[in-house]
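Next comes start.txt, with compact mmCIF, C-alpha atoms.
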```txt
# COMPACT_ATOMS: atom_id res chain seq x y z
CA MET A 442 -34.16 -53.36 20.08
CA SER A 443 -36.00 -52.17 17.02
CA THR A 444 -36.49 -48.49 16.46
CA ILE A 445 -40.08 -47.46 16.21
CA THR A 446 -40.98 -44.28 14.38
CA ARG A 447 -44.24 -42.89 15.66
CA ASN A 448 -46.17 -39.69 15.83
CA PRO A 449 -45.27 -37.47 18.77
CA GLY A 450 -47.53 -37.72 21.81
CA HIS A 451 -47.26 -41.47 22.31
CA GLY A 452 -45.82 -43.01 25.43
CA PRO A 453 -43.00 -45.54 25.24
CA VAL A 454 -44.04 -48.95 23.98
CA LEU A 455 -43.49 -51.73 26.50
CA GLY A 456 -40.41 -53.45 25.25
CA PRO A 457 -39.13 -56.98 25.16
CA ASP A 458 -38.34 -58.51 28.57
CA ALA A 459 -40.98 -56.41 30.35
CA ARG A 460 -43.69 -58.26 32.24
CA ALA A 461 -46.93 -58.08 30.26
CA PRO A 462 -49.43 -56.14 32.40
CA ASP A 463 -52.37 -58.33 33.34
CA PHE A 464 -55.89 -57.23 32.43
CA THR A 465 -59.46 -58.45 32.44
CA LEU A 466 -61.65 -57.30 29.57
CA ARG A 467 -65.00 -58.24 28.11
CA CYS A 468 -64.91 -60.36 24.96
CA THR A 469 -68.70 -60.71 24.66
CA PRO A 470 -71.46 -58.78 26.43
CA ASP A 471 -71.52 -61.42 29.19
CA GLN A 472 -68.01 -62.93 29.21
CA SER A 473 -64.61 -61.65 30.27
CA VAL A 474 -61.06 -62.80 29.59
CA SER A 475 -57.95 -62.25 31.71
CA LEU A 476 -54.45 -62.42 30.30
CA SER A 477 -53.30 -64.48 33.31
CA GLU A 478 -55.67 -67.31 32.27
CA PHE A 479 -53.22 -68.18 29.52
CA ARG A 480 -50.08 -68.50 31.66
CA GLY A 481 -48.19 -71.55 30.45
CA ARG A 482 -48.97 -70.80 26.80
CA PRO A 483 -47.67 -68.10 24.47
CA VAL A 484 -50.13 -65.29 23.84
CA VAL A 485 -50.35 -63.17 20.70
CA LEU A 486 -51.89 -59.81 21.57
CA ALA A 487 -53.00 -57.91 18.48
CA PHE A 488 -54.03 -54.32 19.19
CA TYR A 489 -55.85 -52.72 16.26
CA PRO A 490 -57.56 -49.36 15.74
CA ALA A 491 -61.16 -50.33 15.01
CA ASP A 492 -63.64 -52.99 14.01
CA TRP A 493 -64.99 -52.58 10.46
CA SER A 494 -62.19 -50.46 9.01
CA PRO A 495 -60.90 -52.23 5.89
CA VAL A 496 -57.28 -52.89 6.84
CA CYS A 497 -58.26 -54.17 10.27
CA GLY A 498 -60.70 -56.47 8.58
CA ASP A 499 -57.90 -57.80 6.45
CA GLN A 500 -55.55 -58.22 9.38
CA MET A 501 -58.07 -60.00 11.60
CA ALA A 502 -59.34 -62.03 8.62
CA LEU A 503 -55.77 -63.15 7.94
CA TYR A 504 -55.14 -64.19 11.57
CA ASN A 505 -58.49 -65.97 11.55
CA GLU A 506 -57.22 -68.20 8.74
CA MET A 507 -54.10 -69.02 10.74
CA LEU A 508 -55.61 -70.37 13.94
CA ASP A 509 -54.33 -73.87 13.11
CA GLU A 510 -50.79 -72.53 12.80
CA PHE A 511 -51.08 -70.67 16.11
CA GLN A 512 -52.55 -73.82 17.64
CA ASP A 513 -49.45 -75.75 16.54
CA PHE A 514 -47.55 -73.57 19.01
CA GLN A 515 -50.34 -73.83 21.63
CA ALA A 516 -50.52 -70.06 21.26
CA GLU A 517 -53.61 -68.05 22.12
CA LEU A 518 -54.56 -65.17 19.84
CA LEU A 519 -56.38 -62.16 21.31
CA GLY A 520 -57.53 -59.17 19.27
CA ILE A 521 -58.03 -55.94 21.19
CA SER A 522 -59.50 -52.54 20.33
CA VAL A 523 -61.51 -49.80 22.02
CA ASP A 524 -64.76 -51.00 20.43
CA GLY A 525 -67.44 -52.27 22.79
CA ALA A 526 -68.41 -55.90 23.26
CA TRP A 527 -71.59 -55.60 21.17
CA CYS A 528 -69.63 -54.09 18.31
CA HIS A 529 -67.05 -56.88 18.56
CA SER A 530 -69.84 -59.47 18.50
CA ALA A 531 -71.30 -58.07 15.29
CA PHE A 532 -67.87 -57.73 13.66
CA ALA A 533 -66.85 -61.28 14.65
CA LYS A 534 -70.14 -62.68 13.37
CA GLN A 535 -69.90 -60.85 10.06
CA ASN A 536 -66.33 -62.05 9.43
CA LYS A 537 -66.76 -65.48 11.06
CA LEU A 538 -63.88 -64.79 13.44
CA HIS A 539 -63.05 -67.73 15.70
CA PHE A 540 -60.87 -66.01 18.30
CA PRO A 541 -61.69 -63.53 21.07
CA LEU A 542 -61.89 -59.80 20.42
CA LEU A 543 -61.43 -57.88 23.66
CA ALA A 544 -63.12 -54.56 24.41
CA ASP A 545 -60.69 -52.00 25.84
CA PHE A 546 -63.75 -49.85 26.22
CA GLU A 547 -64.19 -48.62 29.81
CA PRO A 548 -62.12 -46.81 30.84
CA LYS A 549 -61.38 -46.33 27.18
CA GLY A 550 -57.97 -47.55 26.05
CA ALA A 551 -56.76 -48.27 29.60
CA VAL A 552 -55.04 -51.52 28.63
CA ALA A 553 -53.54 -50.05 25.45
CA ARG A 554 -52.10 -47.27 27.64
CA THR A 555 -50.39 -49.75 29.96
CA TYR A 556 -48.71 -51.29 26.90
CA GLY A 557 -47.83 -47.85 25.51
CA VAL A 558 -49.87 -48.26 22.34
CA TYR A 559 -52.79 -45.87 22.82
CA ASP A 560 -53.11 -43.13 20.23
CA GLU A 561 -54.33 -40.12 22.25
CA LYS A 562 -54.95 -38.02 19.17
CA ASP A 563 -57.35 -40.40 17.44
CA GLY A 564 -58.59 -42.13 20.58
CA VAL A 565 -57.83 -45.65 19.32
CA CYS A 566 -55.31 -48.42 19.88
CA GLU A 567 -52.32 -48.38 17.62
CA ARG A 568 -51.75 -51.31 15.30
CA ALA A 569 -49.39 -53.18 17.61
CA LEU A 570 -48.42 -56.81 18.08
CA PHE A 571 -47.05 -58.35 21.26
CA VAL A 572 -45.95 -61.97 21.65
CA ILE A 573 -45.93 -62.92 25.34
CA ASN A 574 -44.07 -66.02 26.47
CA THR A 575 -45.36 -68.82 28.70
CA THR A 576 -44.24 -67.02 31.85
CA GLY A 577 -45.96 -63.75 30.99
CA ILE A 578 -42.95 -61.83 29.68
CA ILE A 579 -43.12 -59.82 26.46
CA HIS A 580 -40.74 -61.52 24.02
CA TRP A 581 -41.37 -59.48 20.89
CA ARG A 582 -43.38 -56.48 19.89
CA TYR A 583 -43.99 -54.57 16.71
CA VAL A 584 -45.87 -51.35 16.02
CA SER A 585 -47.07 -51.01 12.47
CA PRO A 586 -48.01 -47.76 10.73
CA MET A 587 -51.79 -47.30 11.21
CA GLY A 588 -52.78 -48.09 7.64
CA VAL A 589 -50.43 -51.02 7.12
CA ASN A 590 -51.45 -54.59 7.84
CA PRO A 591 -48.34 -56.11 9.46
CA GLY A 592 -49.16 -59.64 8.32
CA ALA A 593 -48.18 -62.62 10.44
CA ASN A 594 -44.61 -63.51 9.55
CA GLY A 595 -43.13 -61.76 12.60
CA ILE A 596 -45.56 -63.55 14.90
CA LEU A 597 -44.74 -66.98 13.44
CA SER A 598 -40.99 -66.39 13.60
CA THR A 599 -41.30 -65.38 17.26
CA LEU A 600 -43.43 -68.41 18.14
CA GLU A 601 -40.85 -70.64 16.44
CA GLU A 602 -38.07 -68.99 18.40
CA LEU A 603 -39.95 -69.46 21.70
CA LYS A 604 -40.58 -73.10 20.88
CA ALA A 605 -36.92 -73.74 19.99
CA ARG A 606 -35.85 -72.02 23.20
CA SER A 607 -38.16 -74.09 25.40
CA GLU A 608 -37.00 -77.28 23.67
CA THR A 609 -33.37 -76.32 24.32
CA ILE A 610 -34.13 -75.65 27.98
CA GLY A 611 -36.14 -78.87 28.17
CA ALA A 612 -33.24 -80.87 26.67
CA ALA A 613 -30.74 -79.29 29.11
CA LYS A 614 -32.76 -80.42 32.14
CA MET B 178 -33.11 -76.78 -2.98
CA ILE B 179 -35.42 -74.60 -0.95
CA LYS B 180 -37.91 -72.87 -3.15
CA SER B 181 -38.25 -69.12 -3.01
CA LEU B 182 -41.36 -67.80 -1.34
CA THR B 183 -41.40 -64.73 -3.54
CA LEU B 184 -40.21 -65.94 -6.94
CA PRO B 185 -42.07 -68.23 -9.33
CA ASP B 186 -40.88 -71.83 -9.21
CA ALA B 187 -41.24 -73.40 -12.65
CA GLU B 188 -40.93 -76.87 -11.11
CA ARG B 189 -43.94 -76.49 -8.89
CA ASP B 190 -45.99 -73.42 -9.72
CA HIS B 191 -48.53 -72.89 -12.44
CA ILE B 192 -46.57 -70.82 -14.90
CA SER B 193 -47.87 -68.63 -17.68
CA GLY B 194 -45.66 -66.99 -20.26
CA SER B 195 -42.08 -67.89 -20.94
CA ALA B 196 -40.15 -69.97 -18.40
CA ASN B 197 -37.14 -67.89 -19.48
CA GLY B 198 -38.94 -64.58 -19.03
CA SER B 199 -36.62 -62.09 -17.37
CA ILE B 200 -39.46 -60.29 -15.56
CA LYS B 201 -41.02 -62.42 -12.86
CA LEU B 202 -44.48 -61.69 -11.47
CA LEU B 203 -45.96 -63.83 -8.71
CA GLU B 204 -49.49 -63.35 -7.40
CA TYR B 205 -50.94 -64.73 -4.18
CA GLY B 206 -54.69 -64.57 -4.72
CA ASP B 207 -58.19 -65.76 -3.82
CA TYR B 208 -60.81 -66.50 -6.51
CA GLU B 209 -63.58 -64.98 -4.39
CA CYS B 210 -61.69 -61.80 -3.51
CA PRO B 211 -63.13 -58.80 -5.40
CA PHE B 212 -59.76 -57.02 -5.47
CA CYS B 213 -58.18 -60.06 -7.11
CA ALA B 214 -60.93 -60.07 -9.73
CA ASP B 215 -60.23 -56.37 -10.33
CA ALA B 216 -56.54 -57.14 -10.80
CA GLN B 217 -57.20 -59.97 -13.25
CA PRO B 218 -57.75 -57.92 -16.47
CA ILE B 219 -54.72 -55.80 -15.55
CA VAL B 220 -52.55 -58.90 -15.20
CA LYS B 221 -53.89 -60.10 -18.55
CA GLU B 222 -53.00 -56.85 -20.24
CA ILE B 223 -49.53 -56.92 -18.67
CA GLN B 224 -49.07 -60.44 -20.04
CA ARG B 225 -50.17 -59.30 -23.48
CA ARG B 226 -47.81 -56.32 -23.51
CA LEU B 227 -44.74 -57.99 -22.03
CA GLY B 228 -45.15 -61.25 -23.93
CA ASP B 229 -42.20 -63.61 -23.60
CA ASP B 230 -40.35 -61.20 -21.33
CA LEU B 231 -42.79 -62.09 -18.56
CA LEU B 232 -43.02 -65.17 -16.37
CA PHE B 233 -46.27 -65.12 -14.38
CA ALA B 234 -47.20 -67.51 -11.57
CA PHE B 235 -50.26 -67.76 -9.33
CA ARG B 236 -50.40 -69.20 -5.81
CA HIS B 237 -53.49 -69.71 -3.70
CA PHE B 238 -54.27 -67.56 -0.70
CA PRO B 239 -57.91 -68.35 0.14
CA LEU B 240 -59.45 -66.41 3.04
CA ALA B 241 -62.04 -69.11 3.53
CA ASN B 242 -63.97 -67.64 6.45
CA ILE B 243 -64.88 -64.44 4.66
CA HIS B 244 -64.95 -66.11 1.22
CA PRO B 245 -66.82 -69.40 1.69
CA HIS B 246 -66.36 -70.50 -1.95
CA SER B 247 -62.66 -69.71 -2.15
CA GLU B 248 -61.34 -73.13 -1.17
CA HIS B 249 -63.47 -75.11 -3.59
CA ALA B 250 -62.60 -72.60 -6.29
CA ALA B 251 -58.89 -73.10 -5.62
CA GLU B 252 -59.45 -76.87 -5.64
CA ALA B 253 -61.22 -76.52 -8.98
CA ALA B 254 -58.28 -74.64 -10.48
CA GLU B 255 -55.90 -77.35 -9.26
CA ALA B 256 -58.20 -80.12 -10.46
CA ALA B 257 -58.37 -78.42 -13.86
CA GLY B 258 -54.59 -78.19 -13.73
CA ALA B 259 -54.45 -81.95 -13.31
CA GLN B 260 -56.27 -82.08 -16.65
CA ALA B 261 -53.87 -79.51 -18.14
CA LYS B 262 -56.32 -76.58 -18.00
CA PHE B 263 -55.30 -74.62 -14.92
CA TRP B 264 -55.26 -71.24 -16.66
CA GLY B 265 -58.55 -71.82 -18.45
CA MET B 266 -60.26 -72.48 -15.11
CA HIS B 267 -58.33 -69.66 -13.43
CA ASP B 268 -59.75 -67.16 -15.94
CA LEU B 269 -63.30 -68.52 -15.75
CA LEU B 270 -63.29 -68.38 -11.95
CA PHE B 271 -62.30 -64.72 -11.89
CA GLU B 272 -64.68 -63.84 -14.72
CA ASN B 273 -67.58 -65.52 -12.89
CA GLN B 274 -66.73 -64.66 -9.33
CA SER B 275 -70.33 -64.44 -8.18
CA ALA B 276 -71.09 -68.00 -9.37
CA LEU B 277 -68.73 -70.37 -7.58
CA GLU B 278 -71.05 -73.10 -6.31
CA ASP B 279 -69.95 -76.68 -7.03
CA GLU B 280 -72.44 -76.96 -9.90
CA ASP B 281 -70.94 -73.79 -11.41
CA LEU B 282 -67.47 -75.31 -11.12
CA ALA B 283 -68.75 -78.42 -12.91
CA ALA B 284 -70.22 -76.24 -15.65
CA TYR B 285 -66.87 -74.45 -16.14
CA ALA B 286 -65.14 -77.83 -16.37
CA GLY B 287 -67.62 -78.79 -19.08
CA LYS B 288 -67.01 -75.52 -20.91
CA LEU B 289 -63.27 -76.26 -20.92
CA GLY B 290 -63.89 -79.76 -22.28
CA LEU B 291 -62.71 -81.41 -19.06
CA ASP B 292 -63.97 -84.50 -17.29
CA ALA B 293 -66.39 -82.63 -14.99
CA THR B 294 -67.25 -85.70 -12.91
CA ARG B 295 -63.60 -86.26 -12.06
CA LEU B 296 -63.09 -82.57 -11.35
CA ILE B 297 -66.00 -82.32 -8.93
CA ARG B 298 -65.01 -85.57 -7.24
CA GLU B 299 -61.54 -84.14 -6.64
CA VAL B 300 -62.94 -80.79 -5.48
CA THR B 301 -65.37 -82.27 -2.97
CA SER B 302 -62.80 -84.70 -1.59
CA THR B 303 -60.30 -81.79 -1.28
CA VAL B 304 -57.54 -83.67 -3.10
CA TYR B 305 -55.41 -80.53 -3.42
CA ALA B 306 -56.00 -79.09 0.06
CA ARG B 307 -52.43 -79.76 1.15
CA ARG B 308 -50.94 -77.94 -1.79
CA ILE B 309 -53.31 -75.01 -1.39
CA ARG B 310 -52.43 -74.78 2.31
CA GLU B 311 -48.74 -74.91 1.40
CA ASP B 312 -49.24 -71.93 -0.89
CA PHE B 313 -51.06 -70.10 1.91
CA ARG B 314 -48.40 -70.81 4.53
CA ASP B 315 -45.59 -69.84 2.17
CA GLY B 316 -47.47 -66.64 1.44
CA VAL B 317 -47.74 -65.76 5.11
CA ARG B 318 -44.00 -66.34 5.56
CA ALA B 319 -43.31 -64.21 2.49
CA GLY B 320 -45.23 -61.32 4.04
CA VAL B 321 -48.54 -61.67 2.24
CA ASN B 322 -51.03 -59.73 4.37
CA GLY B 323 -54.10 -59.75 2.13
CA THR B 324 -55.16 -60.44 -1.40
CA PRO B 325 -53.99 -59.91 -3.99
CA THR B 326 -50.32 -59.61 -3.06
CA LEU B 327 -47.90 -59.31 -5.97
CA PHE B 328 -44.18 -59.94 -6.01
CA ILE B 329 -42.11 -58.47 -8.82
CA ASN B 330 -38.77 -60.24 -9.24
CA GLY B 331 -39.01 -61.39 -5.64
CA GLU B 332 -39.91 -58.02 -4.12
CA ARG B 333 -43.35 -57.34 -2.66
CA TYR B 334 -45.14 -54.70 -4.68
CA ASP B 335 -47.03 -52.28 -2.43
CA GLY B 336 -47.79 -49.65 -5.06
CA VAL B 337 -51.00 -48.79 -6.86
CA ARG B 338 -52.44 -51.80 -8.68
CA ASP B 339 -53.28 -50.17 -11.97
CA LEU B 340 -51.80 -50.90 -15.37
CA LYS B 341 -49.58 -47.85 -15.57
CA HIS B 342 -47.96 -48.22 -12.15
CA LEU B 343 -47.55 -51.97 -12.46
CA LEU B 344 -46.00 -51.74 -15.92
CA ASN B 345 -43.61 -49.08 -14.64
CA ALA B 346 -42.58 -51.27 -11.73
CA LEU B 347 -42.22 -54.35 -13.93
CA THR B 348 -40.11 -52.67 -16.56
CA ALA B 349 -38.03 -50.51 -14.19
CA MET B 350 -35.89 -53.45 -13.09
```
Conversion result in structure tokens:
Amino acid sequence: MSTITRNPGHGPVLGPDARAPDFTLRCTPDQSVSLSEFRGRPVVLAFYPADWSPVCGDQMALYNEMLDEFQDFQAELLGISVDGAWCHSAFAKQNKLHFPLLADFEPKGAVARTYGVYDEKDGVCERALFVINTTGIIHWRYVSPMGVNPGANGILSTLEELKARSETIGAAK
Amino acid sequence: MIKSLTLPDAERDHISGSANGSIKLLEYGDYECPFCADAQPIVKEIQRRLGDDLLFAFRHFPLANIHPHSEHAAEAAEAAGAQAKFWGMHDLLFENQSALEDEDLAAYAGKLGLDATRLIREVTSTVYARRIREDFRDGVRAGVNGTPTLFINGERYDGVRDLKHLLNALTAM
């Protein structure tokens, strides 16, 4: 298990092999998304501190360019922050984002708390990535320093590993 | 042989400077990215100062959703490369970042003495899309998380992108 250096005052991050807590959050002012909808496919959950801040923009803009790659693994990408659905709508429109941004808005940060990635001091989600396997188990997670865009290499490596594993299991049957 | 994701590859990449240069600088960039345009004169000055000691290569990392002209611009650089003027187009694109419509690209081709009709035909039929995407995917796997990302002798450079700091890093090896 990787060691994660974080500021004091954070709860433990949900680790690999834990069941990913289900949630239902708004992604637009009139639509909601539940994690359980994606059972059977890998899910990439990208918690980030805020819409509009420059690094987040970079990180989400990068993932937005990689939707074809995620699609190759049938993976669903979900961005998640404490911003409200209207804020997400404006941010997604401005940056032409083509994946859902979920609003962990009311009660604020409740989902981030269940994953152990809520920053109580600043009142935002940490910059944390979770890759959840087809059966809803967390396979990999990474918490990046707030100001550092973690890129996508870790996500792709994990999706490759999950794919290889399912192919091995499939071949053994 | 598997090519390095973080070192220039003289067989494949567009190379500037000496192929035998002992200092290797690789940039992943986007012609419509303002930070890349800011880095351009600094890279030029580095090339001037280090001369034959430096091997510089550029790979494409277009963030096409936020930079709608970036893909055609990258295509134009490749198409100019097919007429042996990659670096001429590369410089013009960064120097004229706010004018990257197809007719602008044709004008730059004319300025460089290229066959502009052929260039625009190649750009609009996205002849080099596969190669550009290959650059992008390699970049993601190398840990590129935004543009520009620089690699010095195979190591990602996360320091300040000004002349002094970059020269220090380049000559410290």
* Non-local contacts of Phe511 of chain A (9 Å; all atoms listed in the file; under 6 positions in same chain excluded) as an MDAnalysis selection string -> chainID A and resid 485 504 517:518 597 600
For the selection you just gave me, I'd like the residues written to a file as an mmCIF file, in the frame of the given file, keeping C-alpha atoms.
```
data_model
loop_
_atom_site.group_PDB
_atom_site.id
_atom_site.type_symbol
_atom_site.label_atom_id
_atom_site.label_comp_id
_atom_site.auth_asym_id
_atom_site.auth_seq_id
_atom_site.Cartn_x
_atom_site.Cartn_y
_atom_site.Cartn_z
ATOM 1 C CA VAL A 485 -50.350 -63.170 20.700
ATOM 2 C CA TYR A 504 -55.140 -64.190 11.570
ATOM 3 C CA GLU A 517 -53.610 -68.050 22.120
ATOM 4 C CA LEU A 518 -54.560 -65.170 19.840
ATOM 5 C CA LEU A 597 -44.740 -66.980 13.440
ATOM 6 C CA LEU A 600 -43.430 -68.410 18.140
#
```
* Would you kindly identify which residues have an atom no farther than 12 Å from (-52.3, -59.5, 21.0), using all atoms listed in the file and the file's own coordinates, and write them out as a count of residues only? => 42
Check which residues of chain A sit at most 9 Å from chain B using all atoms listed in the file, and return one row each with the closest pair of atoms and their distance in Å to one decimal, ordered by chain and rising number, as JSON lines.
```
{"residue": "A:Val496", "atom": "CA", "partner": "B:Gly323", "partner_atom": "CA", "distance": 8.9}
{"residue": "A:Asp499", "atom": "CA", "partner": "B:Gly323", "partner_atom": "CA", "distance": 6.1}
{"residue": "A:Gln500", "atom": "CA", "partner": "B:Asn322", "partner_atom": "CA", "distance": 6.9}
{"residue": "A:Ala502", "atom": "CA", "partner": "B:Leu240", "partner_atom": "CA", "distance": 7.1}
{"residue": "A:Leu503", "atom": "CA", "partner": "B:Asn322", "partner_atom": "CA", "distance": 6.8}
{"residue": "A:Asn505", "atom": "CA", "partner": "B:Asn242", "partner_atom": "CA", "distance": 7.7}
{"residue": "A:Glu506", "atom": "CA", "partner": "B:Leu240", "partner_atom": "CA", "distance": 6.4}
{"residue": "A:Met507", "atom": "CA", "partner": "B:Arg314", "partner_atom": "CA", "distance": 8.6}
{"residue": "A:Glu510", "atom": "CA", "partner": "B:Arg314", "partner_atom": "CA", "distance": 8.8}
{"residue": "A:Gln535", "atom": "CA", "partner": "B:Ile243", "partner_atom": "CA", "distance": 8.2}
{"residue": "A:Asn536", "atom": "CA", "partner": "B:Ile243", "partner_atom": "CA", "distance": 5.5}
{"residue": "A:Lys537", "atom": "CA", "partner": "B:Asn242", "partner_atom": "CA", "distance": 5.8}
{"residue": "A:Leu538", "atom": "CA", "partner": "B:Asn242", "partner_atom": "CA", "distance": 7.5}
{"residue": "A:Asn590", "atom": "CA", "partner": "B:Asn322", "partner_atom": "CA", "distance": 6.2}
{"residue": "A:Pro591", "atom": "CA", "partner": "B:Asn322", "partner_atom": "CA", "distance": 6.8}
{"residue": "A:Gly592", "atom": "CA", "partner": "B:Asn322", "partner_atom": "CA", "distance": 4.4}
{"residue": "A:Ala593", "atom": "CA", "partner": "B:Val317", "partner_atom": "CA", "distance": 6.2}
{"residue": "A:Asn594", "atom": "CA", "partner": "B:Arg318", "partner_atom": "CA", "distance": 4.9}
{"residue": "A:Gly595", "atom": "CA", "partner": "B:Arg318", "partner_atom": "CA", "distance": 8.4}
{"residue": "A:Leu597", "atom": "CA", "partner": "B:Arg318", "partner_atom": "CA", "distance": 7.9}
{"residue": "A:Ser598", "atom": "CA", "partner": "B:Arg318", "partner_atom": "CA", "distance": 8.6}
```
* To do: Please indicate the distance in Å from atom CA of Asp292 of chain B to atom CA of Trp264 of chain B, rounded to one decimal place.
  => 15.9 Å
* For atom CA of Asp339 of chain B and atom CA of Asp215 of chain B, quote the distance in Å rounded to one decimal. => 9.5 Å
* Atomic distance atom CA of Thr575 of chain A - atom CA of Arg460 of chain A, expressed in Å with one decimal ->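 Spanning atom CA of Thr575 of chain A to atom CA of Arg460 of chain A is a straight-line distance of 11.3 Å.
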Please define a box with edges along x, y and z of the file around all atoms of segment 456-473 of chain A given in the file, extend it by 5 Å on each side, and return its centre and edge lengths in Å to one decimal, as AutoDock Vina command-line options.
```
--center_x -54.9 --center_y -58.2 --center_z 29.0 --size_x 43.2 --size_y 19.5 --size_z 18.7
```
